[in-house]
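Written below as structure tokens is the structure these notes are about.
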Amino acid sequence: QVHLVESGGDSVQAGGSLRLSCKISGYMRDTFCMGWFRQAPGKEREGVAAQYSAGRPKYYADPVKGRFSISQVENTVYLQMNSLKIEDTSMYYCAAVPATGDYCSMFWATALRYNYWGQGTQVTVSS
């Protein structure tokens, strides 16, 4: 069983930065797809960023390209968020699924394709 725990969410002003963490515990296959998603009230959960296994390749949604960065150190996956905008306000979740590289490239942004989820961490960006 894989257990994911997010942390790092906070309230910041527009233009600021945050780093979210997702600690992985339990058994995880060597090859997996690791993603960050977000969901605002009344909206669908959307993929923000993902990476395959050891960290390459990486995938980003268009709204966050150039501002967000996903990385991993040992059993913790990070989402560095810079130049935050009000529209980045959301609950952020990390998710994982055992996968091949092709599977990750095709489905990295599809929430239903992930098996394991954290409880979420709130990010609020204000003007």
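Residues are named by chain letter and number: chains run A, B, ... in the order of the structure tokens, numbers start at 1 in each chain, and ligands are numbered from 1 in the order shown.
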All helix (DSSP H, G or I) residues (DSSP, backbone) inside segment 7-121 of chain A, as JSON, numbers by chain: {"A": [62, 63, 64, 86, 87, 88, 101, 102, 103, 104, 105, 106, 107, 111, 112, 113]}
Just all heavy atoms for this one: save the residues we selected as a short mmCIF file (atom, residue, chain, number, x, y, z; two decimals), in the first residue's frame.
```cif
data_model
loop_
_atom_site.label_atom_id
_atom_site.label_comp_id
_atom_site.auth_asym_id
_atom_site.auth_seq_id
_atom_site.Cartn_x
_atom_site.Cartn_y
_atom_site.Cartn_z
N ASP A 62 -0.34 23.80 -19.51
CA ASP A 62 0.01 25.09 -20.12
C ASP A 62 -0.06 26.27 -19.14
O ASP A 62 0.81 27.14 -19.17
CB ASP A 62 -0.89 25.35 -21.32
CG ASP A 62 -0.53 24.48 -22.52
OD1 ASP A 62 0.59 23.92 -22.54
OD2 ASP A 62 -1.37 24.35 -23.42
N PRO A 63 -1.08 26.34 -18.27
CA PRO A 63 -1.18 27.52 -17.39
C PRO A 63 -0.01 27.67 -16.41
O PRO A 63 0.17 28.76 -15.84
CB PRO A 63 -2.48 27.29 -16.63
CG PRO A 63 -3.28 26.38 -17.49
CD PRO A 63 -2.26 25.48 -18.13
N VAL A 64 0.76 26.60 -16.20
CA VAL A 64 1.83 26.67 -15.19
C VAL A 64 3.22 26.54 -15.79
O VAL A 64 4.21 26.64 -15.07
CB VAL A 64 1.63 25.60 -14.10
CG1 VAL A 64 0.23 25.68 -13.50
CG2 VAL A 64 1.91 24.20 -14.62
N ILE A 86 -3.55 34.65 -8.77
CA ILE A 86 -4.78 34.42 -8.02
C ILE A 86 -5.48 33.16 -8.51
O ILE A 86 -6.03 32.39 -7.71
CB ILE A 86 -5.69 35.65 -8.13
CG1 ILE A 86 -5.07 36.84 -7.40
CG2 ILE A 86 -7.08 35.34 -7.56
CD1 ILE A 86 -5.81 38.14 -7.56
N GLU A 87 -5.42 32.91 -9.81
CA GLU A 87 -6.09 31.73 -10.36
C GLU A 87 -5.41 30.42 -10.00
O GLU A 87 -5.92 29.35 -10.32
CB GLU A 87 -6.22 31.85 -11.89
CG GLU A 87 -4.93 32.16 -12.60
CD GLU A 87 -4.77 33.64 -12.89
OE1 GLU A 87 -5.11 34.47 -12.01
OE2 GLU A 87 -4.28 33.97 -13.99
N ASP A 88 -4.25 30.47 -9.34
CA ASP A 88 -3.61 29.25 -8.84
C ASP A 88 -4.22 28.80 -7.52
O ASP A 88 -3.89 27.71 -7.02
CB ASP A 88 -2.11 29.47 -8.65
CG ASP A 88 -1.38 29.70 -9.95
OD1 ASP A 88 -1.71 29.03 -10.95
OD2 ASP A 88 -0.46 30.56 -9.97
N GLY A 101 6.47 4.34 -19.14
CA GLY A 101 6.69 5.69 -19.61
C GLY A 101 5.61 6.13 -20.59
O GLY A 101 5.17 7.29 -20.57
N ASP A 102 5.20 5.21 -21.46
CA ASP A 102 4.16 5.54 -22.43
C ASP A 102 2.84 5.88 -21.73
O ASP A 102 2.14 6.82 -22.12
CB ASP A 102 3.95 4.38 -23.41
CG ASP A 102 5.09 4.25 -24.40
OD1 ASP A 102 5.87 5.21 -24.54
OD2 ASP A 102 5.20 3.18 -25.03
N TYR A 103 2.52 5.09 -20.71
CA TYR A 103 1.29 5.33 -19.97
C TYR A 103 1.33 6.70 -19.32
O TYR A 103 0.37 7.46 -19.37
CB TYR A 103 1.12 4.23 -18.91
CG TYR A 103 -0.18 4.27 -18.15
CD1 TYR A 103 -1.26 3.47 -18.55
CD2 TYR A 103 -0.36 5.08 -17.03
CE1 TYR A 103 -2.45 3.47 -17.85
CE2 TYR A 103 -1.54 5.10 -16.34
CZ TYR A 103 -2.59 4.30 -16.75
OH TYR A 103 -3.78 4.32 -16.05
N CYS A 104 2.44 7.02 -18.73
CA CYS A 104 2.56 8.32 -18.05
C CYS A 104 2.44 9.46 -19.06
O CYS A 104 1.77 10.46 -18.79
CB CYS A 104 3.89 8.39 -17.30
SG CYS A 104 4.02 9.76 -16.12
N SER A 105 3.07 9.31 -20.21
CA SER A 105 3.01 10.38 -21.21
C SER A 105 1.60 10.59 -21.72
O SER A 105 1.22 11.70 -22.06
CB SER A 105 3.96 10.09 -22.37
OG SER A 105 3.50 9.00 -23.13
N MET A 106 0.81 9.52 -21.79
CA MET A 106 -0.55 9.63 -22.32
C MET A 106 -1.54 10.12 -21.27
O MET A 106 -2.46 10.87 -21.58
CB MET A 106 -1.01 8.28 -22.86
CG MET A 106 -0.37 7.88 -24.18
SD MET A 106 -1.12 6.40 -24.89
CE MET A 106 -0.52 5.15 -23.75
N PHE A 107 -1.38 9.68 -20.03
CA PHE A 107 -2.43 9.88 -19.03
C PHE A 107 -2.01 10.71 -17.83
O PHE A 107 -2.75 10.76 -16.84
CB PHE A 107 -2.95 8.53 -18.55
CG PHE A 107 -3.50 7.68 -19.64
CD1 PHE A 107 -2.92 6.45 -19.95
CD2 PHE A 107 -4.61 8.08 -20.37
CE1 PHE A 107 -3.42 5.66 -20.96
CE2 PHE A 107 -5.12 7.30 -21.38
CZ PHE A 107 -4.53 6.08 -21.69
N ALA A 111 -6.95 12.33 -13.89
CA ALA A 111 -7.04 11.95 -12.48
C ALA A 111 -7.49 10.51 -12.30
O ALA A 111 -7.00 9.81 -11.41
CB ALA A 111 -7.98 12.91 -11.74
N LEU A 112 -8.40 10.05 -13.14
CA LEU A 112 -8.95 8.70 -12.98
C LEU A 112 -7.90 7.61 -13.20
O LEU A 112 -8.12 6.46 -12.82
CB LEU A 112 -10.12 8.49 -13.94
CG LEU A 112 -11.38 9.29 -13.64
CD1 LEU A 112 -12.44 9.06 -14.72
CD2 LEU A 112 -11.96 8.90 -12.28
N ARG A 113 -6.79 7.96 -13.79
CA ARG A 113 -5.75 6.98 -14.09
C ARG A 113 -4.79 6.76 -12.91
O ARG A 113 -3.90 5.93 -13.00
CB ARG A 113 -4.94 7.43 -15.30
CG ARG A 113 -5.79 7.50 -16.57
CD ARG A 113 -6.11 6.11 -17.08
NE ARG A 113 -6.87 6.15 -18.34
CZ ARG A 113 -7.04 5.10 -19.12
NH1 ARG A 113 -6.53 3.93 -18.80
NH2 ARG A 113 -7.75 5.22 -20.23
#
```
Polymer residues at most 10 Å from segment 3-13 of chain A, only C-alpha atoms, same-chain spacing of 2 or more positions, as a PyMOL selection string: chain A and resi 1+15-28+75-79+83-86+89-96+116-127
So that I can see what lies close to Gln51 of chain A, please list as a VMD selection string the residues with an atom at most 6 Å from it, counting only C-alpha atoms and leaving out residues fewer than 2 positions away in the same chain. chain A and resid 33 to 34 55 57 to 58
Output for the residues just chosen: N, CA and C atoms as an mmCIF file, in the first residue's frame:
```
data_model
loop_
_atom_site.group_PDB
_atom_site.id
_atom_site.type_symbol
_atom_site.label_atom_id
_atom_site.label_comp_id
_atom_site.auth_asym_id
_atom_site.auth_seq_id
_atom_site.Cartn_x
_atom_site.Cartn_y
_atom_site.Cartn_z
ATOM 1 N N CYS A 33 4.208 6.828 -12.366
ATOM 2 C CA CYS A 33 3.891 8.191 -12.771
ATOM 3 C C CYS A 33 3.472 8.943 -11.510
ATOM 4 N N MET A 34 4.098 10.082 -11.285
ATOM 5 C CA MET A 34 3.840 10.873 -10.087
ATOM 6 C C MET A 34 3.299 12.216 -10.516
ATOM 7 N N GLY A 55 12.302 10.935 -12.629
ATOM 8 C CA GLY A 55 12.186 12.363 -12.839
ATOM 9 C C GLY A 55 12.224 12.829 -14.281
ATOM 10 N N PRO A 57 10.673 11.781 -18.283
ATOM 11 C CA PRO A 57 10.436 13.187 -18.575
ATOM 12 C C PRO A 57 9.453 13.828 -17.580
ATOM 13 N N LYS A 58 9.313 15.121 -17.700
ATOM 14 C CA LYS A 58 8.392 15.880 -16.879
ATOM 15 C C LYS A 58 7.323 16.492 -17.772
#
```
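The environment of Arg29 of chain A within 10 Å, counting only C-alpha atoms and disregarding residues fewer than 3 places along the same chain, consists of Val2, Gly26, Phe32, Ser53, Val97, Pro98 and Ala99 of chain A.
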Just to be explicit: take each residue in the selection above, keep all heavy atoms, and write the result as a compact mmCIF listing (two decimals), in the first residue's frame.
```txt
# COMPACT_ATOMS: atom_id res chain seq x y z
N VAL A 2 0.54 2.20 -0.84
CA VAL A 2 1.29 3.44 -0.93
C VAL A 2 0.52 4.53 -0.19
O VAL A 2 -0.70 4.65 -0.32
CB VAL A 2 1.48 3.84 -2.41
CG1 VAL A 2 2.14 5.21 -2.51
CG2 VAL A 2 2.30 2.79 -3.13
N GLY A 26 5.52 3.42 2.02
CA GLY A 26 4.99 2.16 1.54
C GLY A 26 5.73 1.70 0.30
O GLY A 26 6.67 2.35 -0.16
N PHE A 32 6.87 4.42 -12.12
CA PHE A 32 5.57 4.96 -11.77
C PHE A 32 5.43 6.37 -12.32
O PHE A 32 6.42 7.02 -12.66
CB PHE A 32 5.38 4.97 -10.25
CG PHE A 32 6.42 5.75 -9.52
CD1 PHE A 32 6.22 7.08 -9.20
CD2 PHE A 32 7.62 5.16 -9.13
CE1 PHE A 32 7.18 7.81 -8.53
CE2 PHE A 32 8.58 5.87 -8.46
CZ PHE A 32 8.36 7.21 -8.16
N SER A 53 8.83 8.17 -12.95
CA SER A 53 9.84 7.48 -12.15
C SER A 53 10.91 8.41 -11.60
O SER A 53 10.63 9.24 -10.74
CB SER A 53 10.45 6.35 -12.95
OG SER A 53 9.51 5.32 -13.10
N VAL A 97 0.73 6.39 -9.61
CA VAL A 97 0.24 5.15 -10.21
C VAL A 97 1.43 4.40 -10.80
O VAL A 97 2.28 5.01 -11.46
CB VAL A 97 -0.82 5.44 -11.30
CG1 VAL A 97 -0.30 6.33 -12.40
CG2 VAL A 97 -1.34 4.12 -11.88
N PRO A 98 1.51 3.08 -10.54
CA PRO A 98 2.54 2.30 -11.24
C PRO A 98 2.28 2.38 -12.73
O PRO A 98 1.13 2.22 -13.18
CB PRO A 98 2.32 0.88 -10.72
CG PRO A 98 1.58 1.05 -9.43
CD PRO A 98 0.72 2.27 -9.63
N ALA A 99 3.32 2.65 -13.51
CA ALA A 99 3.07 2.92 -14.92
C ALA A 99 4.33 2.73 -15.75
O ALA A 99 5.45 2.79 -15.23
CB ALA A 99 2.55 4.34 -15.10
```
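Near Glu46 of chain A, within a cut-off of 9 Å and counting only C-alpha atoms, sit the residues Trp36, Phe37, Arg38, Gln39, Ala61, Ala109, Thr110 and Ala111 of chain A, with same-chain residues fewer than 6 positions away left out.
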